[in-house]
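A.B. asks: So I've got this file, structure-v1.cif, and it contains mmCIF, C-alpha atoms and all ligand atoms:
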data_final
loop_
_atom_site.label_atom_id
_atom_site.label_comp_id
_atom_site.auth_asym_id
_atom_site.auth_seq_id
_atom_site.Cartn_x
_atom_site.Cartn_y
_atom_site.Cartn_z
CA MET A 1 5.83 -16.32 40.97
CA VAL A 2 2.92 -14.86 39.00
CA ILE A 3 2.11 -16.14 35.53
CA GLY A 4 0.11 -13.85 33.24
CA ILE A 5 -2.03 -15.50 30.59
CA LEU A 6 -3.73 -13.95 27.57
CA GLY A 7 -7.02 -15.81 27.52
CA ALA A 8 -8.97 -17.44 30.34
CA GLY A 9 -10.49 -20.43 28.57
CA GLN A 10 -10.00 -24.11 29.30
CA LEU A 11 -6.33 -24.18 28.30
CA ALA A 12 -5.59 -21.31 30.71
CA ARG A 13 -7.63 -23.12 33.35
CA MET A 14 -5.64 -26.34 32.92
CA LEU A 15 -2.36 -24.38 32.99
CA ALA A 16 -3.42 -22.78 36.27
CA LEU A 17 -4.55 -26.10 37.75
CA ALA A 18 -1.14 -27.59 36.88
CA GLY A 19 0.67 -24.57 38.30
CA LYS A 20 -1.06 -24.39 41.68
CA PRO A 21 0.93 -27.27 43.25
CA LEU A 22 4.11 -25.41 42.22
CA GLY A 23 2.95 -22.43 44.27
CA LEU A 24 2.26 -20.30 41.21
CA LYS A 25 -0.30 -17.53 41.03
CA PHE A 26 -2.19 -16.61 37.86
CA ILE A 27 -3.59 -13.48 36.29
CA PHE A 28 -5.68 -13.68 33.11
CA LEU A 29 -6.72 -11.08 30.55
CA ASP A 30 -9.89 -12.08 28.71
CA PRO A 31 -12.86 -10.04 27.45
CA THR A 32 -15.42 -12.70 28.48
CA PRO A 33 -16.95 -11.65 31.83
CA ILE A 34 -17.57 -15.26 32.86
CA ALA A 35 -14.41 -17.06 31.79
CA CYS A 36 -13.71 -20.60 32.89
CA ALA A 37 -10.21 -19.99 34.29
CA ALA A 38 -11.29 -16.90 36.23
CA ASP A 39 -11.91 -18.54 39.59
CA ILE A 40 -8.36 -19.94 39.72
CA GLY A 41 -6.68 -16.57 39.57
CA LYS A 42 -7.23 -12.88 39.01
CA HIS A 43 -9.28 -11.98 35.97
CA LEU A 44 -8.78 -8.70 34.12
CA ILE A 45 -11.90 -8.27 32.01
CA GLY A 46 -11.27 -6.34 28.83
CA GLU A 47 -10.07 -6.42 25.25
CA TYR A 48 -6.66 -7.82 24.39
CA THR A 49 -5.83 -4.46 22.85
CA ASP A 50 -6.62 -2.45 26.01
CA LYS A 51 -3.25 -0.79 26.80
CA THR A 52 -4.19 -0.01 30.41
CA LEU A 53 -5.06 -3.65 31.14
CA LEU A 54 -2.04 -4.92 29.20
CA THR A 55 0.18 -2.65 31.31
CA GLN A 56 -1.45 -3.97 34.48
CA LEU A 57 -0.98 -7.56 33.27
CA ALA A 58 2.71 -6.89 32.56
CA GLU A 59 3.25 -5.13 35.91
CA GLU A 60 1.62 -7.91 37.93
CA SER A 61 3.23 -10.85 36.08
CA ASP A 62 6.75 -12.27 36.26
CA VAL A 63 6.30 -14.01 32.92
CA ILE A 64 3.45 -13.99 30.40
CA THR A 65 2.10 -16.65 28.07
CA TYR A 66 -0.99 -17.13 25.92
CA GLU A 67 -3.56 -19.85 25.33
CA PHE A 68 -4.63 -19.08 21.75
CA GLU A 69 -2.72 -18.35 18.57
CA ASN A 70 -4.68 -15.44 17.16
CA VAL A 71 -3.10 -12.97 19.60
CA PRO A 72 -1.99 -9.92 17.56
CA VAL A 73 1.81 -9.93 17.57
CA GLU A 74 1.92 -6.20 18.42
CA ILE A 75 0.45 -7.12 21.82
CA ILE A 76 3.31 -9.55 22.47
CA ASP A 77 5.82 -6.84 21.47
CA PHE A 78 4.11 -4.33 23.78
CA LEU A 79 4.17 -6.70 26.78
CA ASN A 80 7.71 -7.84 26.04
CA ARG A 81 9.04 -4.34 26.64
CA SER A 82 8.62 -4.87 30.37
CA THR A 83 7.89 -8.56 30.99
CA PRO A 84 9.11 -11.66 29.11
CA VAL A 85 6.48 -13.35 26.95
CA TYR A 86 6.83 -16.97 25.81
CA PRO A 87 6.47 -18.64 23.33
CA PRO A 88 8.20 -16.07 21.08
CA GLY A 89 6.06 -13.74 18.96
CA ARG A 90 7.72 -15.08 15.78
CA ALA A 91 6.04 -18.45 16.36
CA LEU A 92 2.68 -16.68 16.41
CA LEU A 93 3.47 -14.54 13.40
CA ILE A 94 4.44 -17.53 11.25
CA GLY A 95 1.61 -19.76 12.47
CA GLN A 96 -1.11 -17.15 11.95
CA ASP A 97 -0.88 -17.38 8.17
CA ARG A 98 -1.12 -20.83 6.59
CA ILE A 99 1.09 -19.77 3.66
CA THR A 100 3.98 -18.43 5.78
CA GLU A 101 3.58 -21.47 8.03
CA LYS A 102 3.80 -24.02 5.21
CA THR A 103 6.67 -22.11 3.56
CA PHE A 104 8.53 -22.05 6.90
CA LEU A 105 8.00 -25.81 7.30
CA GLN A 106 9.16 -26.57 3.77
CA ASP A 107 12.25 -24.36 4.22
CA LEU A 108 13.15 -26.56 7.20
CA GLY A 109 12.90 -29.66 5.01
CA ILE A 110 9.56 -30.70 6.54
CA ALA A 111 7.14 -32.25 4.04
CA THR A 112 3.74 -30.58 3.58
CA ALA A 113 0.85 -31.18 1.19
CA PRO A 114 1.32 -29.36 -2.14
CA PHE A 115 -0.19 -25.89 -1.74
CA ALA A 116 -0.76 -22.56 -3.45
CA ALA A 117 -1.88 -19.13 -2.29
CA VAL A 118 -5.10 -17.98 -4.01
CA SER A 119 -6.94 -14.70 -3.73
CA SER A 120 -9.51 -14.95 -6.53
CA LEU A 121 -11.62 -17.58 -8.28
CA ASP A 122 -9.38 -17.28 -11.35
CA GLU A 123 -6.30 -17.98 -9.25
CA LEU A 124 -8.03 -20.93 -7.64
CA GLN A 125 -8.93 -22.41 -11.04
CA LEU A 126 -5.34 -21.97 -12.21
CA ALA A 127 -3.85 -23.46 -9.02
CA MET A 128 -6.06 -26.55 -9.30
CA VAL A 129 -4.30 -27.51 -12.56
CA GLU A 130 -1.15 -28.11 -10.47
CA ILE A 131 -2.67 -29.32 -7.20
CA GLY A 132 -5.25 -31.75 -8.62
CA TYR A 133 -8.41 -33.16 -6.98
CA PRO A 134 -9.38 -33.80 -4.25
CA ALA A 135 -8.10 -30.69 -2.48
CA ILE A 136 -9.00 -28.44 0.42
CA LEU A 137 -9.54 -24.71 0.30
CA LYS A 138 -8.73 -23.01 3.62
CA THR A 139 -8.70 -19.38 4.68
CA ARG A 140 -5.13 -18.23 5.25
CA ARG A 141 -5.93 -16.72 8.63
CA PHE A 142 -8.22 -17.30 11.63
CA GLY A 143 -9.23 -20.85 10.72
CA TYR A 144 -9.50 -23.48 13.46
CA ASP A 145 -11.31 -26.76 14.08
CA GLY A 146 -12.06 -27.07 10.38
CA LYS A 147 -13.73 -23.65 10.20
CA GLY A 148 -13.16 -21.72 6.98
CA GLN A 149 -12.49 -24.94 5.03
CA VAL A 150 -14.11 -26.47 1.96
CA VAL A 151 -13.29 -29.79 0.27
CA LEU A 152 -12.95 -29.57 -3.51
CA LYS A 153 -13.91 -32.78 -5.30
CA ASN A 154 -13.98 -31.51 -8.86
CA ALA A 155 -13.99 -28.36 -11.01
CA GLN A 156 -17.76 -27.91 -10.46
CA ASP A 157 -17.09 -27.23 -6.75
CA LEU A 158 -14.84 -24.22 -7.28
CA ALA A 159 -17.31 -21.34 -7.72
CA GLU A 160 -19.44 -22.37 -4.73
CA ALA A 161 -16.35 -23.01 -2.57
CA TRP A 162 -15.00 -19.59 -3.42
CA GLN A 163 -18.29 -18.05 -2.32
CA ALA A 164 -18.25 -20.08 0.89
CA VAL A 165 -14.88 -18.63 1.93
CA ASN A 166 -16.25 -15.18 1.20
CA ASN A 167 -13.45 -14.00 -1.08
CA ALA A 168 -10.93 -14.33 1.75
CA SER A 169 -7.24 -14.87 0.96
CA CYS A 170 -6.84 -18.62 0.93
CA VAL A 171 -4.51 -21.53 0.60
CA VAL A 172 -5.54 -24.46 -1.55
CA GLU A 173 -3.81 -27.69 -0.66
CA GLY A 174 -3.81 -31.24 -1.92
CA PHE A 175 -5.92 -33.67 0.11
CA VAL A 176 -3.54 -36.03 1.92
CA PRO A 177 -4.77 -39.66 1.80
CA PHE A 178 -3.58 -40.25 5.35
CA ASP A 179 -3.55 -43.57 7.21
CA ARG A 180 -3.46 -41.82 10.58
CA GLU A 181 -3.58 -38.33 12.00
CA ILE A 182 -0.99 -37.80 14.69
CA SER A 183 0.60 -34.99 16.63
CA ILE A 184 3.80 -34.55 18.51
CA ILE A 185 4.04 -32.32 21.54
CA ALA A 186 7.34 -31.06 22.89
CA SER A 187 8.45 -28.57 25.53
CA ARG A 188 11.64 -26.52 25.41
CA ASN A 189 12.86 -24.37 28.28
CA ILE A 190 14.85 -21.14 28.33
CA ALA A 191 18.15 -23.05 28.50
CA GLY A 192 17.18 -25.02 25.36
CA GLU A 193 16.53 -28.30 27.19
CA THR A 194 13.83 -30.18 25.22
CA VAL A 195 11.49 -33.04 26.05
CA TYR A 196 9.16 -34.90 23.67
CA TYR A 197 5.91 -36.70 24.43
CA PRO A 198 5.09 -40.00 22.74
CA LEU A 199 3.11 -39.38 19.53
CA SER A 200 -0.58 -38.87 19.98
CA GLU A 201 -2.90 -40.64 17.53
CA ASN A 202 -5.89 -38.40 16.83
CA GLU A 203 -9.39 -38.85 15.43
CA HIS A 204 -11.35 -35.88 14.13
CA HIS A 205 -15.01 -35.51 13.26
CA LYS A 206 -16.19 -32.56 11.17
CA GLY A 207 -12.73 -30.99 11.60
CA ILE A 208 -12.85 -31.14 15.43
CA LEU A 209 -10.64 -33.40 17.51
CA ARG A 210 -12.68 -36.08 19.30
CA LEU A 211 -10.24 -38.73 20.48
CA ALA A 212 -6.50 -38.65 21.17
CA LYS A 213 -4.50 -41.71 22.28
CA ASN A 214 -0.89 -42.08 23.27
CA THR A 215 1.32 -44.45 21.27
CA ARG A 216 4.12 -46.74 22.41
CA ASN A 217 7.34 -47.01 20.42
CA ASP A 218 5.66 -45.65 17.32
CA PRO A 219 7.96 -46.18 14.31
CA LEU A 220 7.36 -42.55 13.29
CA GLN A 221 8.40 -41.08 16.66
CA GLY A 222 11.97 -40.32 15.53
CA GLN A 223 10.87 -38.61 12.31
CA ALA A 224 8.34 -36.48 14.21
CA GLU A 225 10.97 -35.51 16.80
CA ASN A 226 13.35 -34.45 14.02
CA TYR A 227 10.62 -32.26 12.50
CA ILE A 228 9.67 -30.57 15.75
CA THR A 229 13.30 -30.09 16.78
CA ALA A 230 13.93 -28.20 13.54
CA ILE A 231 10.95 -25.92 14.35
CA LEU A 232 12.00 -25.38 17.99
CA ASN A 233 15.56 -24.49 17.01
CA ALA A 234 14.55 -22.21 14.14
CA LEU A 235 12.27 -20.22 16.46
CA ASP A 236 14.50 -20.38 19.55
CA TYR A 237 11.24 -21.57 21.05
CA VAL A 238 10.35 -21.58 24.75
CA GLY A 239 7.24 -23.37 26.00
CA THR A 240 5.09 -26.29 24.85
CA ILE A 241 4.35 -26.69 21.14
CA ALA A 242 2.26 -29.12 19.09
CA LEU A 243 2.84 -30.21 15.50
CA GLU A 244 -0.09 -31.83 13.71
CA LEU A 245 0.89 -34.44 11.16
CA PHE A 246 -0.56 -36.86 8.64
CA ALA A 247 1.00 -40.31 8.47
CA VAL A 248 1.02 -41.83 4.99
CA GLY A 249 2.72 -45.21 5.21
CA ASP A 250 6.07 -44.49 6.83
CA GLN A 251 6.11 -40.84 5.80
CA LEU A 252 5.01 -37.85 7.83
CA ILE A 253 3.41 -34.79 6.25
CA ALA A 254 3.02 -31.70 8.41
CA ASN A 255 -0.35 -29.95 8.57
CA GLU A 256 0.21 -27.13 11.06
CA PHE A 257 1.80 -26.27 14.37
CA ALA A 258 0.24 -24.62 17.43
CA PRO A 259 2.55 -22.52 19.63
CA ARG A 260 0.79 -23.51 22.85
CA VAL A 261 -0.51 -26.41 24.87
CA HIS A 262 -2.76 -28.54 22.68
CA ASN A 263 -6.01 -30.46 22.88
CA SER A 264 -4.32 -33.63 21.61
CA GLY A 265 -2.10 -33.54 24.72
CA HIS A 266 -4.84 -33.54 27.34
CA TRP A 267 -4.26 -37.24 28.01
CA THR A 268 -0.88 -36.23 29.49
CA ILE A 269 -2.70 -34.87 32.58
CA GLU A 270 -3.15 -38.32 34.09
CA GLY A 271 -1.23 -40.27 31.43
CA SER A 272 2.26 -38.81 31.82
CA GLU A 273 4.78 -38.39 34.59
CA THR A 274 4.59 -34.62 33.86
CA CYS A 275 1.72 -33.17 31.85
CA GLN A 276 2.06 -30.75 28.93
CA PHE A 277 0.69 -27.90 31.08
CA GLU A 278 3.23 -28.31 33.87
CA ASN A 279 6.07 -28.60 31.36
CA HIS A 280 4.88 -25.43 29.62
CA LEU A 281 5.04 -23.57 32.95
CA ARG A 282 8.40 -25.06 33.87
CA ALA A 283 9.74 -24.11 30.41
CA ILE A 284 8.69 -20.46 30.55
CA MET A 285 9.96 -20.08 34.13
CA GLY A 286 13.38 -21.41 33.11
CA MET A 287 12.98 -24.50 35.29
CA PRO A 288 14.17 -28.04 34.50
CA LEU A 289 11.56 -30.01 32.55
CA GLY A 290 9.75 -33.06 33.88
CA SER A 291 9.72 -36.58 32.47
CA THR A 292 7.27 -37.15 29.61
CA HIS A 293 7.17 -40.87 30.28
CA SER A 294 3.69 -42.36 29.70
CA LEU A 295 2.05 -44.13 32.63
CA GLY A 296 0.56 -46.96 30.62
CA TYR A 297 -2.16 -46.60 27.98
CA ALA A 298 -3.70 -43.14 27.96
CA ALA A 299 -6.37 -41.37 25.93
CA MET A 300 -8.62 -38.33 25.90
CA GLN A 301 -12.22 -38.09 24.69
CA ASN A 302 -13.62 -34.62 24.01
CA PHE A 303 -17.22 -33.73 24.84
CA ILE A 304 -18.67 -31.18 22.45
CA GLY A 305 -21.92 -29.27 22.88
CA ASN A 306 -23.17 -31.57 25.66
CA VAL A 307 -21.52 -33.58 28.39
CA PRO A 308 -22.73 -37.04 29.48
CA LYS A 309 -23.85 -37.23 33.10
CA SER A 310 -20.93 -37.01 35.55
CA LYS A 311 -22.34 -39.97 37.46
CA THR A 312 -22.19 -42.16 34.35
CA LEU A 313 -18.63 -41.09 33.49
CA LEU A 314 -17.37 -41.42 37.04
CA SER A 315 -18.79 -44.92 37.32
CA LEU A 316 -16.11 -45.98 34.83
CA GLU A 317 -13.03 -46.93 36.81
CA GLN A 318 -9.77 -45.43 35.47
CA VAL A 319 -11.65 -42.59 33.82
CA HIS A 320 -11.03 -38.99 34.95
CA LEU A 321 -13.43 -36.18 34.19
CA HIS A 322 -12.39 -32.62 33.38
CA LEU A 323 -15.32 -30.20 33.20
CA TYR A 324 -14.43 -26.75 31.92
CA ASP A 325 -17.25 -24.96 33.74
CA LYS A 326 -18.50 -23.42 30.48
CA ALA A 327 -22.10 -22.84 29.44
CA ALA A 328 -23.32 -25.46 26.97
CA ARG A 329 -23.46 -24.25 23.39
CA LYS A 330 -23.63 -26.14 20.09
CA GLY A 331 -20.20 -27.16 18.83
CA ARG A 332 -18.43 -25.91 21.96
CA LYS A 333 -15.74 -27.97 23.71
CA LEU A 334 -17.17 -28.33 27.22
CA ALA A 335 -15.22 -31.11 28.86
CA HIS A 336 -13.01 -34.11 28.30
CA ALA A 337 -12.40 -37.42 29.96
CA THR A 338 -9.05 -39.12 30.19
CA VAL A 339 -8.39 -42.82 30.51
CA ARG A 340 -5.25 -44.27 32.02
CA THR A 341 -4.70 -47.96 32.51
CA ASP A 342 -2.06 -50.68 32.29
CA SER A 343 -4.33 -53.12 30.48
CA LEU A 344 -4.83 -52.87 26.71
CA GLU A 345 -8.12 -54.73 27.00
CA THR A 346 -9.48 -52.29 29.61
CA PHE A 347 -8.17 -49.41 27.53
CA THR A 348 -10.06 -50.55 24.44
CA ASP A 349 -13.25 -51.16 26.43
CA LEU A 350 -13.10 -47.76 28.12
CA ILE A 351 -12.44 -45.92 24.88
CA ASN A 352 -15.40 -47.69 23.29
CA SER A 353 -17.64 -46.73 26.23
CA LEU A 354 -16.48 -43.10 26.17
CA THR A 355 -16.88 -42.84 22.41
CA GLU A 356 -20.40 -44.19 22.66
CA LEU A 357 -21.29 -41.75 25.44
CA ALA A 358 -19.72 -38.90 23.46
CA ILE A 359 -21.70 -39.80 20.34
CA GLN A 360 -24.96 -39.93 22.33
CA SER A 361 -24.34 -36.47 23.76
CA ASP A 362 -22.74 -34.91 20.67
CA ASP A 363 -24.93 -32.19 19.19
CA SER A 364 -22.97 -31.38 16.01
P1 LIG B 401 -6.85 -27.95 10.14
O1 LIG B 401 -7.80 -26.84 10.47
O2 LIG B 401 -5.86 -27.60 9.08
O3 LIG B 401 -6.20 -28.51 11.38
O4 LIG B 401 -7.74 -29.16 9.56
C1 LIG B 401 -8.73 -29.82 10.34
C2 LIG B 401 -8.84 -31.26 9.88
O5 LIG B 401 -9.21 -31.33 8.49
C3 LIG B 401 -7.55 -32.06 9.96
O6 LIG B 401 -7.31 -32.55 11.24
C4 LIG B 401 -7.83 -33.16 8.95
O7 LIG B 401 -8.71 -34.14 9.48
C5 LIG B 401 -8.55 -32.42 7.84
N1 LIG B 401 -7.56 -31.91 6.85
C6 LIG B 401 -7.04 -30.67 6.84
N2 LIG B 401 -6.16 -30.52 5.82
C7 LIG B 401 -6.14 -31.70 5.16
C8 LIG B 401 -5.43 -32.18 4.00
N3 LIG B 401 -4.59 -31.42 3.30
N4 LIG B 401 -5.65 -33.46 3.63
C9 LIG B 401 -6.51 -34.27 4.33
N5 LIG B 401 -7.21 -33.87 5.40
C10 LIG B 401 -7.04 -32.60 5.82
#
Go ahead and express the file in the form of structure tokens.
C.D. replies:
Amino acid sequence: MVIGILGAGQLARMLALAGKPLGLKFIFLDPTPIACAADIGKHLIGEYTDKTLLTQLAEESDVITYEFENVPVEIIDFLNRSTPVYPPGRALLIGQDRITEKTFLQDLGIATAPFAAVSSLDELQLAMVEIGYPAILKTRRFGYDGKGQVVLKNAQDLAEAWQAVNNASCVVEGFVPFDREISIIASRNIAGETVYYPLSENEHHKGILRLAKNTRNDPLQGQAENYITAILNALDYVGTIALELFAVGDQLIANEFAPRVHNSGHWTIEGSETCQFENHLRAIMGMPLGSTHSLGYAAMQNFIGNVPKSKTLLSLEQVHLHLYDKAARKGRKLAHATVRTDSLETFTDLINSLTELAIQSDDS
């Protein structure tokens, strides 16, 4: 079976690496001439809007998926005419605009931060009367890893913040005083069978995920599963999905969902019976899903901008290194390491070592 993927970055690469043992072949469409998934399959180099290449991708694939959420939905519709594309385009359409996304979540009974759509400084000033400080101003579209976001501490911040977002259509939302940031990842196949991973506890720095750890019997697991089930059912979703959440006491507040495999689930590669990438592939092929059982304590440390020496990382027993084969650039995710162990003490020590190494090499 041939899997087509829009994008040939690290997520596509990890999908392909998970799919090889299942005998799958991969074809990627990505405009970057040197893309990091390219050597694991066939690479069509060109724009995502190139109809000739899209037609070739559809003709050569049995099923198509994507690794990033800014894919124009018209492209999904075009491909879908001849070849099934999962996850469904509606998931993309809703998730691409923070206002439709939050409205969709609220309509499903999922709590979000208070929010308002603003498209001028006047509207922002008016909205802040309701929302209150502190708050965050975010562009409605094309924001990721904290890009296009400004924290508003008081009324003096508004004019400068509005300039910083460049007059873009925005959402302003109340700052959630969270105790923890967590995410839940689930996979749902064509028959509607669904599996859930244990909650991931996530630490961000400057809006970018740095560390993600699995949890065991987290008291909020059930609530998170109810939230994500509502989303999966409403979208008749197929594939792996991630929902990012804030935990405030025993309450969960949704931030956003990503209709794809997710950085906070990279620990599942060595830390789960079946990783998020394999389950995504199984789901879109209409295959039974694999167990999401955690194999002990598991975590993932991202390396951004620079990667510590492989020799240093590989000298740590129970640490696994995943290099993305990307050129080093400031602020770029270049690699991650996963930890998997049965001992909590070893787990804590290894996370501390990895965090220290990551901080030393971090260029942001
Ligand atoms: P986002 O791009 O929405 O995923 O935001 C990136 C990061 O900014 C999140 O992981 C949080 O650490 C922080 N953040 C975003 N929105 C809020 C909020 N409403 N309250 C508190 N922190 C937030």
A.B. asks: Using only C-alpha atoms and all ligand atoms, which residues of the polymer chains come no farther than 7 Å from ligand LIG 401 (chain B)? I'd like the answer as a PyMOL selection string.
C.D. replies: chain A and resi 113+135-136+143-147+173-178+181+204+207-208+255-256
A.B. asks: Give the answer as one residue: which of A:Asn226, A:Thr292, A:Asn70, A:Thr346 has the shortest atom-to-atom distance to A:Leu6, using only C-alpha atoms?
C.D. replies: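 Using only C-alpha atoms, the shortest distance to A:Leu6 belongs to A:Asn70.
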A.B. asks: Rounded to one decimal place, report the atom CA of A:Phe28-atom CA of A:Ile76 distance in Å.
C.D. replies: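 Distance reported for this atom pair: 14.5 Å.
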A.B. asks: Just the number, please: distance in Å from atom CA of A:Gln301 to atom CA of A:Thr355, one decimal.
C.D. replies: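 Pair atom CA of A:Gln301 / atom CA of A:Thr355 returns 7.0 Å.
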A.B. asks: Between A:Gln251, A:Gln96, A:Ser169, A:Ser82, which is the closest to A:Gly222 once you count all atoms listed in the file?
C.D. replies: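 Nearest candidate to A:Gly222 out of A:Gln251, A:Gln96, A:Ser169, A:Ser82: A:Gln251.
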A.B. asks: Of the residues A:Ile190, A:Ile184, A:Ala168, A:Cys36, which is the one nearest to A:Ala254, using only C-alpha atoms?
C.D. replies: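 Result for the nearest residue to A:Ala254: A:Ile184.
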A.B. asks: Tell me, in Å to one decimal, how far atom CA of A:Tyr324 is from atom CA of A:Leu57.
C.D. replies: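 About the pair atom CA of A:Tyr324 and atom CA of A:Leu57: they are 23.5 Å apart.
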A.B. asks: Near A:Tyr48, within 9 Å and counting only C-alpha atoms, which residues show up once chain neighbours fewer than 5 positions away are dropped, as a ChimeraX atom specification?
C.D. replies: /A:6-7,29-31,53-54,71-72,75
A.B. asks: So which one's closest to A:Ala224, A:Ile110, A:Val150, A:Cys170, A:Leu211? Using all atoms listed in the file, please.
C.D. replies: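 Among the listed residues, the smallest separation from A:Ala224 belongs to A:Ile110.
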A.B. asks: From the set A:Leu11, A:Leu321, A:Ile228, A:Ile351, which residue has the shortest atom-to-atom contact distance to A:Leu252, counting all atoms listed in the file?
C.D. replies: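 Closest candidate: A:Ile228.
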A.B. asks: Given the point (-10.2, -19.0, 43.0) in the file's coordinates, find the residues that have an atom at most 12 Å from it, counting only C-alpha atoms, and give them as a list in words.
C.D. replies: Arg13, Ala16, Leu17, Lys20, Lys25, Phe26, Ile27, Cys36, Ala37, Ala38, Asp39, Ile40, Gly41, Lys42 and His43 of chain A
